[in-house]
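> Contents are mmCIF, C-alpha atoms and all ligand atoms; file name run.cif:
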```
data_protein
#
loop_
_atom_site.label_atom_id
_atom_site.label_comp_id
_atom_site.auth_asym_id
_atom_site.auth_seq_id
_atom_site.Cartn_x
_atom_site.Cartn_y
_atom_site.Cartn_z
CA MET A 1 0.00 0.00 0.00
CA ALA A 2 1.29 3.42 -0.92
CA ASP A 3 1.00 4.80 2.60
CA GLU A 4 3.29 2.07 3.94
CA GLN A 5 6.11 2.93 1.55
CA GLY A 6 9.22 3.65 3.52
CA GLU A 7 7.53 4.34 6.86
CA THR A 8 10.10 4.51 9.67
CA VAL A 9 9.42 2.05 12.48
CA ALA A 10 12.50 2.58 14.62
CA GLU A 11 15.53 4.78 14.86
CA THR A 12 18.73 3.82 16.66
CA GLU A 13 22.00 5.65 17.12
CA ARG A 14 23.27 4.77 13.63
CA LEU A 15 20.34 3.13 11.87
CA ILE A 16 16.78 3.47 10.66
CA LEU A 17 14.45 0.49 10.40
CA ARG A 18 11.73 1.19 7.88
CA ASP A 19 9.21 -0.32 5.52
CA TRP A 20 10.21 -1.22 1.99
CA ARG A 21 10.08 1.12 -0.99
CA ASP A 22 9.92 -0.12 -4.58
CA GLY A 23 13.38 1.30 -5.20
CA ASP A 24 14.94 -0.73 -2.36
CA TRP A 25 14.92 -4.12 -4.04
CA ALA A 26 17.71 -3.49 -6.55
CA PRO A 27 20.24 -2.26 -3.97
CA PHE A 28 19.09 -4.90 -1.49
CA TRP A 29 19.82 -7.76 -3.86
CA THR A 30 23.01 -6.22 -5.24
CA GLY A 31 24.34 -5.93 -1.70
CA THR A 32 23.12 -9.17 -0.19
CA ASN A 33 22.69 -11.76 -2.93
CA THR A 34 26.30 -12.88 -2.67
CA PRO A 35 27.74 -16.32 -1.92
CA ALA A 36 28.95 -15.20 1.53
CA VAL A 37 25.68 -13.59 2.64
CA MET A 38 23.59 -16.43 1.23
CA ARG A 39 25.94 -19.19 2.47
CA TRP A 40 23.40 -20.49 5.00
CA LEU A 41 20.29 -19.32 3.17
CA GLY A 42 20.18 -21.74 0.28
CA GLY A 43 22.87 -20.01 -1.81
CA VAL A 44 22.64 -17.11 -4.26
CA ALA A 45 18.98 -16.63 -5.19
CA ASP A 46 17.74 -16.74 -8.80
CA ALA A 47 15.09 -14.33 -10.10
CA GLU A 48 12.22 -16.60 -9.10
CA LYS A 49 13.48 -16.96 -5.53
CA ARG A 50 14.10 -13.22 -5.26
CA ALA A 51 10.57 -12.46 -6.43
CA GLY A 52 9.15 -14.94 -3.91
CA ALA A 53 11.15 -13.39 -1.10
CA GLN A 54 9.99 -9.86 -1.99
CA GLU A 55 6.39 -11.00 -2.09
CA ARG A 56 6.71 -12.65 1.34
CA LEU A 57 8.36 -9.61 2.93
CA LEU A 58 5.51 -7.39 1.71
CA SER A 59 2.86 -9.90 2.75
CA TYR A 60 4.24 -10.10 6.31
CA ARG A 61 3.86 -6.32 6.50
CA SER A 62 0.30 -6.29 5.24
CA GLU A 63 -0.82 -9.30 7.30
CA HIS A 64 0.90 -8.59 10.62
CA GLY A 65 2.06 -4.96 10.53
CA HIS A 66 5.69 -6.01 10.80
CA THR A 67 8.26 -7.59 8.52
CA PHE A 68 12.01 -7.89 8.09
CA TRP A 69 12.42 -4.15 7.64
CA VAL A 70 14.99 -2.26 5.59
CA VAL A 71 18.07 -1.36 7.63
CA GLU A 72 19.30 2.02 6.47
CA ARG A 73 22.46 3.70 7.75
CA LYS A 74 21.71 7.24 8.89
CA GLY A 75 25.16 8.59 8.06
CA ASP A 76 24.95 8.05 4.30
CA GLY A 77 21.49 6.60 3.65
CA ALA A 78 23.00 3.27 2.53
CA LEU A 79 20.74 0.24 2.54
CA LEU A 80 22.63 -2.32 4.65
CA GLY A 81 20.10 -5.16 4.48
CA PHE A 82 17.13 -6.18 6.56
CA CYS A 83 16.28 -6.92 10.17
CA GLY A 84 12.95 -7.33 11.85
CA LEU A 85 10.04 -9.51 12.80
CA LYS A 86 7.90 -12.11 11.11
CA ARG A 87 5.62 -14.93 12.20
CA SER A 88 7.62 -18.10 11.90
CA ASN A 89 6.64 -20.00 8.77
CA GLN A 90 9.36 -22.61 8.25
CA ALA A 91 7.86 -26.01 7.59
CA GLY A 92 8.24 -28.28 10.62
CA GLY A 93 8.96 -25.39 13.01
CA PRO A 94 7.02 -23.34 15.55
CA ILE A 95 4.63 -21.85 12.99
CA GLY A 96 3.17 -18.52 14.04
CA ALA A 97 5.72 -17.70 16.76
CA MET A 98 7.17 -14.17 16.71
CA GLU A 99 10.55 -14.51 15.00
CA VAL A 100 13.42 -12.05 14.73
CA GLY A 101 15.75 -12.23 11.72
CA TRP A 102 18.60 -10.40 9.98
CA ARG A 103 20.64 -10.24 6.77
CA LEU A 104 23.25 -7.57 6.08
CA ARG A 105 25.66 -6.69 3.29
CA GLU A 106 29.10 -8.24 3.79
CA ASP A 107 30.85 -4.87 3.97
CA ALA A 108 28.62 -3.95 6.92
CA TRP A 109 29.46 -7.03 9.03
CA GLY A 110 31.40 -6.85 12.27
CA GLN A 111 30.47 -3.29 13.21
CA GLY A 112 27.62 -4.01 15.60
CA TYR A 113 24.93 -3.03 13.09
CA ALA A 114 23.00 -6.30 13.34
CA ARG A 115 22.99 -6.14 17.13
CA GLU A 116 21.82 -2.52 17.03
CA ALA A 117 19.03 -3.31 14.55
CA ALA A 118 18.00 -6.51 16.33
CA THR A 119 17.81 -4.68 19.66
CA ALA A 120 15.35 -2.23 18.10
CA ALA A 121 13.38 -5.12 16.57
CA LEU A 122 13.14 -6.93 19.93
CA ASP A 123 12.01 -3.72 21.65
CA LEU A 124 9.26 -3.48 19.01
CA ALA A 125 8.33 -7.16 19.39
CA PHE A 126 7.81 -6.88 23.14
CA GLY A 127 6.40 -3.35 23.02
CA ARG A 128 4.30 -2.30 20.06
CA PHE A 129 3.63 -5.85 18.82
CA GLY A 130 2.81 -7.37 22.21
CA ALA A 131 4.94 -10.54 22.04
CA GLN A 132 5.58 -12.56 25.19
CA GLU A 133 8.41 -14.53 23.58
CA VAL A 134 10.53 -14.15 20.44
CA ILE A 135 12.35 -16.96 18.68
CA ALA A 136 15.16 -17.01 16.14
CA LEU A 137 16.13 -19.76 13.72
CA THR A 138 19.43 -20.67 12.14
CA VAL A 139 21.68 -23.63 11.39
CA ALA A 140 24.63 -24.93 13.41
CA GLY A 141 27.15 -23.76 10.78
CA ASN A 142 25.99 -20.15 10.91
CA GLY A 143 28.10 -19.03 13.85
CA ALA A 144 27.60 -15.34 13.10
CA SER A 145 23.85 -15.70 13.39
CA TRP A 146 23.70 -17.82 16.54
CA GLY A 147 26.57 -15.76 17.97
CA LEU A 148 24.34 -12.72 17.59
CA MET A 149 21.43 -14.59 19.20
CA GLU A 150 23.60 -15.37 22.22
CA ARG A 151 24.91 -11.79 22.33
CA LEU A 152 21.30 -10.61 22.49
CA GLY A 153 20.69 -12.85 25.51
CA MET A 154 18.66 -15.44 23.65
CA ALA A 155 18.75 -19.01 24.97
CA ARG A 156 19.30 -22.17 22.99
CA ARG A 157 16.06 -24.15 22.66
CA GLU A 158 17.00 -27.66 21.61
CA ASP A 159 13.46 -28.71 22.45
CA LEU A 160 12.23 -26.62 19.50
CA ASP A 161 14.84 -27.71 16.90
CA PHE A 162 13.34 -29.28 13.81
CA ASP A 163 14.17 -31.04 10.55
CA ASN A 164 14.18 -28.83 7.45
CA ALA A 165 16.93 -29.06 4.84
CA GLU A 166 16.23 -25.71 3.16
CA PHE A 167 19.24 -23.92 4.67
CA ASP A 168 21.70 -26.66 5.44
CA PRO A 169 21.17 -29.77 3.35
CA GLU A 170 24.08 -31.47 5.14
CA THR A 171 22.56 -31.51 8.62
CA GLY A 172 18.96 -31.02 7.49
CA ARG A 173 18.39 -29.37 10.85
CA ILE A 174 17.27 -25.92 11.98
CA ILE A 175 18.29 -24.81 15.45
CA VAL A 176 16.18 -22.52 17.60
CA TYR A 177 16.87 -19.80 20.17
CA SER A 178 14.33 -17.80 22.17
CA ILE A 179 13.97 -14.98 24.66
CA ALA A 180 11.03 -14.12 26.91
CA LYS A 181 9.75 -10.60 27.45
CA ASP A 182 10.79 -10.37 31.11
CA VAL A 183 14.31 -11.59 30.35
CA TRP A 184 14.69 -9.10 27.48
CA GLN A 185 13.39 -6.21 29.51
CA ALA A 186 15.56 -7.04 32.53
CA GLY A 187 18.60 -7.10 30.22
CA ARG A 188 17.61 -3.77 28.63
CA ILE A 189 17.40 -2.08 32.03
CA GLY A 190 20.92 -3.36 32.72
CA THR A 191 22.10 -1.99 29.36
CA LEU A 192 20.57 1.41 29.86
CA ALA A 193 21.76 1.82 33.46
C1 LIG B 1 24.45 -12.63 11.06
C2 LIG B 1 24.78 -11.19 10.65
C3 LIG B 1 23.48 -10.42 10.40
C4 LIG B 1 25.59 -10.53 11.78
O1 LIG B 1 25.78 -9.17 11.42
P1 LIG B 1 26.89 -8.20 12.07
O2 LIG B 1 26.44 -6.80 11.85
O3 LIG B 1 28.23 -8.60 11.59
O4 LIG B 1 26.78 -8.55 13.62
P2 LIG B 1 27.26 -7.58 14.79
O5 LIG B 1 28.51 -6.87 14.38
O6 LIG B 1 26.10 -6.75 15.25
O7 LIG B 1 27.64 -8.61 15.92
C5 LIG B 1 26.84 -8.79 17.08
C6 LIG B 1 27.27 -10.06 17.78
O8 LIG B 1 27.04 -11.19 16.96
C7 LIG B 1 28.07 -12.15 17.16
N1 LIG B 1 28.77 -12.35 15.89
C8 LIG B 1 28.75 -11.58 14.79
N2 LIG B 1 29.50 -12.11 13.82
C9 LIG B 1 30.00 -13.24 14.33
C10 LIG B 1 30.84 -14.27 13.82
N3 LIG B 1 31.33 -14.21 12.57
N4 LIG B 1 31.14 -15.31 14.61
C11 LIG B 1 30.66 -15.39 15.88
N5 LIG B 1 29.85 -14.45 16.41
C12 LIG B 1 29.53 -13.41 15.65
C13 LIG B 1 28.99 -11.58 18.20
O9 LIG B 1 28.58 -12.02 19.48
C14 LIG B 1 28.75 -10.12 18.08
O10 LIG B 1 28.94 -9.42 19.27
P3 LIG B 1 30.36 -8.75 19.62
O11 LIG B 1 30.73 -7.90 18.44
O12 LIG B 1 30.06 -7.94 20.83
O13 LIG B 1 31.27 -9.87 19.82
C15 LIG B 1 25.63 -11.18 9.35
O14 LIG B 1 26.75 -12.00 9.53
C16 LIG B 1 24.87 -11.63 8.10
O15 LIG B 1 24.17 -10.85 7.47
N6 LIG B 1 25.05 -12.91 7.71
C17 LIG B 1 24.47 -13.41 6.46
C18 LIG B 1 22.97 -13.57 6.47
C19 LIG B 1 22.52 -14.59 7.47
O16 LIG B 1 23.09 -15.68 7.57
N7 LIG B 1 21.48 -14.24 8.22
C20 LIG B 1 20.97 -15.09 9.27
C21 LIG B 1 20.21 -16.22 8.75
S1 LIG B 1 19.70 -17.30 10.09
#
```
Step by step, read the file and then write its structure as structure tokens.


Amino acid sequence: MADEQGETVAETERLILRDWRDGDWAPFWTGTNTPAVMRWLGGVADAEKRAGAQERLLSYRSEHGHTFWVVERKGDGALLGFCGLKRSNQAGGPIGAMEVGWRLREDAWGQGYAREAATAALDLAFGRFGAQEVIALTVAGNGASWGLMERLGMARREDLDFDNAEFDPETGRIIVYSIAKDVWQAGRIGTLA
């Protein structure tokens, strides 16, 4: 919908999280559809997969009011990737659970951007979107992603792990982390103090 184009949902010290604009897709894919970024996401996406992903990101927004939002750097307006919230929809997993996720351009890695964006997304999940718990999914090989989950204070949930070979055909397994609202908020008070 036109009135959702580019709406800012959160602002952090260095970043803006906002809704998608039509003009975002080209720089998003140029920056993130690389072998390194897509290593644990099924590999570089062809046109059909890219179109499917775009459609899903827009449908999350229209169905739930949140999505994996554009992460824009305030300093230069660069589109770094996405970070945000969806309802988990991976076959075999905890369908419908509030899920946080992230994907950034390689040249933006290692500078704390994902943590900064994910912190804003978790604040939104437990605030504006009323979640009691947020999960995150990855695969054992994706140390950057589960490292971030641990850095955010999320706990490993082996009880929720499930079989799905979409991201790591070798193990065929998706691993799950979660954090509850009270744990997140207690940690945030510590951070802000
Ligand atoms: C996962 C990803 C978003 C992390 O982005 P990032 O901006 O580099 O992460 P940050 O700099 O904010 O790091 C935050 C924390 O994550 C952890 N982390 C980040 N990269 C890591 C790595 N390569 N190995 C281990 N831990 C890592 C660290 O705990 C780090 O905290 P610290 O800097 O205080 O040690 C990025 O690597 C990415 O886009 N990967 C490709 C896409 C992808 O796989 N998405 C997830 C699918 S499940």

> With a cut-off of 9 Å, could you pull out the residues of chain A touching ligand LIG 1 (chain B) and give me the nearest pair of atoms for each, distance in Å to one decimal, using only C-alpha atoms and all ligand atoms, ordered by chain and ascending number, as JSON lines?


```
{"residue": "A:Thr32", "atom": "CA", "partner": "B:LIG1", "partner_atom": "O15", "distance": 7.9}
{"residue": "A:Ala36", "atom": "CA", "partner": "B:LIG1", "partner_atom": "C17", "distance": 6.9}
{"residue": "A:Val37", "atom": "CA", "partner": "B:LIG1", "partner_atom": "C17", "distance": 4.0}
{"residue": "A:Met38", "atom": "CA", "partner": "B:LIG1", "partner_atom": "C18", "distance": 6.0}
{"residue": "A:Arg39", "atom": "CA", "partner": "B:LIG1", "partner_atom": "O16", "distance": 6.8}
{"residue": "A:Trp40", "atom": "CA", "partner": "B:LIG1", "partner_atom": "O16", "distance": 5.5}
{"residue": "A:Leu41", "atom": "CA", "partner": "B:LIG1", "partner_atom": "O16", "distance": 6.4}
{"residue": "A:Gly81", "atom": "CA", "partner": "B:LIG1", "partner_atom": "O15", "distance": 7.6}
{"residue": "A:Phe82", "atom": "CA", "partner": "B:LIG1", "partner_atom": "O15", "distance": 8.5}
{"residue": "A:Cys83", "atom": "CA", "partner": "B:LIG1", "partner_atom": "C3", "distance": 8.0}
{"residue": "A:Gly101", "atom": "CA", "partner": "B:LIG1", "partner_atom": "C20", "distance": 6.4}
{"residue": "A:Trp102", "atom": "CA", "partner": "B:LIG1", "partner_atom": "C3", "distance": 4.9}
{"residue": "A:Arg103", "atom": "CA", "partner": "B:LIG1", "partner_atom": "O15", "distance": 3.7}
{"residue": "A:Leu104", "atom": "CA", "partner": "B:LIG1", "partner_atom": "O15", "distance": 3.7}
{"residue": "A:Arg105", "atom": "CA", "partner": "B:LIG1", "partner_atom": "O15", "distance": 6.1}
{"residue": "A:Glu106", "atom": "CA", "partner": "B:LIG1", "partner_atom": "O15", "distance": 6.7}
{"residue": "A:Asp107", "atom": "CA", "partner": "B:LIG1", "partner_atom": "O3", "distance": 8.9}
{"residue": "A:Ala108", "atom": "CA", "partner": "B:LIG1", "partner_atom": "O2", "distance": 6.1}
{"residue": "A:Trp109", "atom": "CA", "partner": "B:LIG1", "partner_atom": "O3", "distance": 3.2}
{"residue": "A:Gly110", "atom": "CA", "partner": "B:LIG1", "partner_atom": "O5", "distance": 3.6}
{"residue": "A:Gln111", "atom": "CA", "partner": "B:LIG1", "partner_atom": "O5", "distance": 4.2}
{"residue": "A:Gly112", "atom": "CA", "partner": "B:LIG1", "partner_atom": "O6", "distance": 3.2}
{"residue": "A:Tyr113", "atom": "CA", "partner": "B:LIG1", "partner_atom": "O2", "distance": 4.2}
{"residue": "A:Ala114", "atom": "CA", "partner": "B:LIG1", "partner_atom": "O6", "distance": 3.7}
{"residue": "A:Arg115", "atom": "CA", "partner": "B:LIG1", "partner_atom": "O6", "distance": 3.7}
{"residue": "A:Glu116", "atom": "CA", "partner": "B:LIG1", "partner_atom": "O6", "distance": 6.3}
{"residue": "A:Ala117", "atom": "CA", "partner": "B:LIG1", "partner_atom": "O6", "distance": 7.9}
{"residue": "A:Ala118", "atom": "CA", "partner": "B:LIG1", "partner_atom": "O6", "distance": 8.2}
{"residue": "A:Ala136", "atom": "CA", "partner": "B:LIG1", "partner_atom": "S1", "distance": 7.6}
{"residue": "A:Leu137", "atom": "CA", "partner": "B:LIG1", "partner_atom": "S1", "distance": 5.7}
{"residue": "A:Thr138", "atom": "CA", "partner": "B:LIG1", "partner_atom": "S1", "distance": 4.0}
{"residue": "A:Val139", "atom": "CA", "partner": "B:LIG1", "partner_atom": "S1", "distance": 6.8}
{"residue": "A:Asn142", "atom": "CA", "partner": "B:LIG1", "partner_atom": "O16", "distance": 6.3}
{"residue": "A:Gly143", "atom": "CA", "partner": "B:LIG1", "partner_atom": "N4", "distance": 4.9}
{"residue": "A:Ala144", "atom": "CA", "partner": "B:LIG1", "partner_atom": "C9", "distance": 3.4}
{"residue": "A:Ser145", "atom": "CA", "partner": "B:LIG1", "partner_atom": "C1", "distance": 3.9}
{"residue": "A:Trp146", "atom": "CA", "partner": "B:LIG1", "partner_atom": "N5", "distance": 7.0}
{"residue": "A:Gly147", "atom": "CA", "partner": "B:LIG1", "partner_atom": "N5", "distance": 3.9}
{"residue": "A:Leu148", "atom": "CA", "partner": "B:LIG1", "partner_atom": "O8", "distance": 3.2}
{"residue": "A:Met149", "atom": "CA", "partner": "B:LIG1", "partner_atom": "O8", "distance": 6.9}
{"residue": "A:Glu150", "atom": "CA", "partner": "B:LIG1", "partner_atom": "O9", "distance": 6.6}
{"residue": "A:Arg151", "atom": "CA", "partner": "B:LIG1", "partner_atom": "O9", "distance": 4.7}
{"residue": "A:Leu152", "atom": "CA", "partner": "B:LIG1", "partner_atom": "C6", "distance": 7.6}
{"residue": "A:Phe167", "atom": "CA", "partner": "B:LIG1", "partner_atom": "S1", "distance": 8.6}
```

> Output C-alpha atoms for every residue in that selection, as a PDB file, in the frame of the given file.


```pdb
ATOM      1  CA  THR A  32      23.120  -9.170  -0.190  1.00  0.00           C
ATOM      2  CA  ALA A  36      28.950 -15.200   1.530  1.00  0.00           C
ATOM      3  CA  VAL A  37      25.680 -13.590   2.640  1.00  0.00           C
ATOM      4  CA  MET A  38      23.590 -16.430   1.230  1.00  0.00           C
ATOM      5  CA  ARG A  39      25.940 -19.190   2.470  1.00  0.00           C
ATOM      6  CA  TRP A  40      23.400 -20.490   5.000  1.00  0.00           C
ATOM      7  CA  LEU A  41      20.290 -19.320   3.170  1.00  0.00           C
ATOM      8  CA  GLY A  81      20.100  -5.160   4.480  1.00  0.00           C
ATOM      9  CA  PHE A  82      17.130  -6.180   6.560  1.00  0.00           C
ATOM     10  CA  CYS A  83      16.280  -6.920  10.170  1.00  0.00           C
ATOM     11  CA  GLY A 101      15.750 -12.230  11.720  1.00  0.00           C
ATOM     12  CA  TRP A 102      18.600 -10.400   9.980  1.00  0.00           C
ATOM     13  CA  ARG A 103      20.640 -10.240   6.770  1.00  0.00           C
ATOM     14  CA  LEU A 104      23.250  -7.570   6.080  1.00  0.00           C
ATOM     15  CA  ARG A 105      25.660  -6.690   3.290  1.00  0.00           C
ATOM     16  CA  GLU A 106      29.100  -8.240   3.790  1.00  0.00           C
ATOM     17  CA  ASP A 107      30.850  -4.870   3.970  1.00  0.00           C
ATOM     18  CA  ALA A 108      28.620  -3.950   6.920  1.00  0.00           C
ATOM     19  CA  TRP A 109      29.460  -7.030   9.030  1.00  0.00           C
ATOM     20  CA  GLY A 110      31.400  -6.850  12.270  1.00  0.00           C
ATOM     21  CA  GLN A 111      30.470  -3.290  13.210  1.00  0.00           C
ATOM     22  CA  GLY A 112      27.620  -4.010  15.600  1.00  0.00           C
ATOM     23  CA  TYR A 113      24.930  -3.030  13.090  1.00  0.00           C
ATOM     24  CA  ALA A 114      23.000  -6.300  13.340  1.00  0.00           C
ATOM     25  CA  ARG A 115      22.990  -6.140  17.130  1.00  0.00           C
ATOM     26  CA  GLU A 116      21.820  -2.520  17.030  1.00  0.00           C
ATOM     27  CA  ALA A 117      19.030  -3.310  14.550  1.00  0.00           C
ATOM     28  CA  ALA A 118      18.000  -6.510  16.330  1.00  0.00           C
ATOM     29  CA  ALA A 136      15.160 -17.010  16.140  1.00  0.00           C
ATOM     30  CA  LEU A 137      16.130 -19.760  13.720  1.00  0.00           C
ATOM     31  CA  THR A 138      19.430 -20.670  12.140  1.00  0.00           C
ATOM     32  CA  VAL A 139      21.680 -23.630  11.390  1.00  0.00           C
ATOM     33  CA  ASN A 142      25.990 -20.150  10.910  1.00  0.00           C
ATOM     34  CA  GLY A 143      28.100 -19.030  13.850  1.00  0.00           C
ATOM     35  CA  ALA A 144      27.600 -15.340  13.100  1.00  0.00           C
ATOM     36  CA  SER A 145      23.850 -15.700  13.390  1.00  0.00           C
ATOM     37  CA  TRP A 146      23.700 -17.820  16.540  1.00  0.00           C
ATOM     38  CA  GLY A 147      26.570 -15.760  17.970  1.00  0.00           C
ATOM     39  CA  LEU A 148      24.340 -12.720  17.590  1.00  0.00           C
ATOM     40  CA  MET A 149      21.430 -14.590  19.200  1.00  0.00           C
ATOM     41  CA  GLU A 150      23.600 -15.370  22.220  1.00  0.00           C
ATOM     42  CA  ARG A 151      24.910 -11.790  22.330  1.00  0.00           C
ATOM     43  CA  LEU A 152      21.300 -10.610  22.490  1.00  0.00           C
ATOM     44  CA  PHE A 167      19.240 -23.920   4.670  1.00  0.00           C
TER      45      PHE A 167
END
```

> Go through A:Trp184, A:Arg56, A:Ile189, A:Leu15 and flag the residue nearest Gly127 in chain A, using all atoms listed in the file for the distances.

A:Trp184

> Pick the closest to Arg157 in chain A from A:Ala131, A:Arg14, A:Pro94, A:Ala186: which is it, counting all atoms listed in the file?

A:Pro94

> Residues within 9 Å of Glu166 in chain A, please, as a PyMOL selection string. Count all atoms listed in the file; anything in the same chain fewer than 6 positions from it doesn't count.

chain A and resi 41-42+172-174

> List as a ChimeraX atom specification: which residues have an atom within 7 Å of (8.2, -5.9, 27.0), counting all atoms listed in the file?

/A:123,126-127,181-182,185
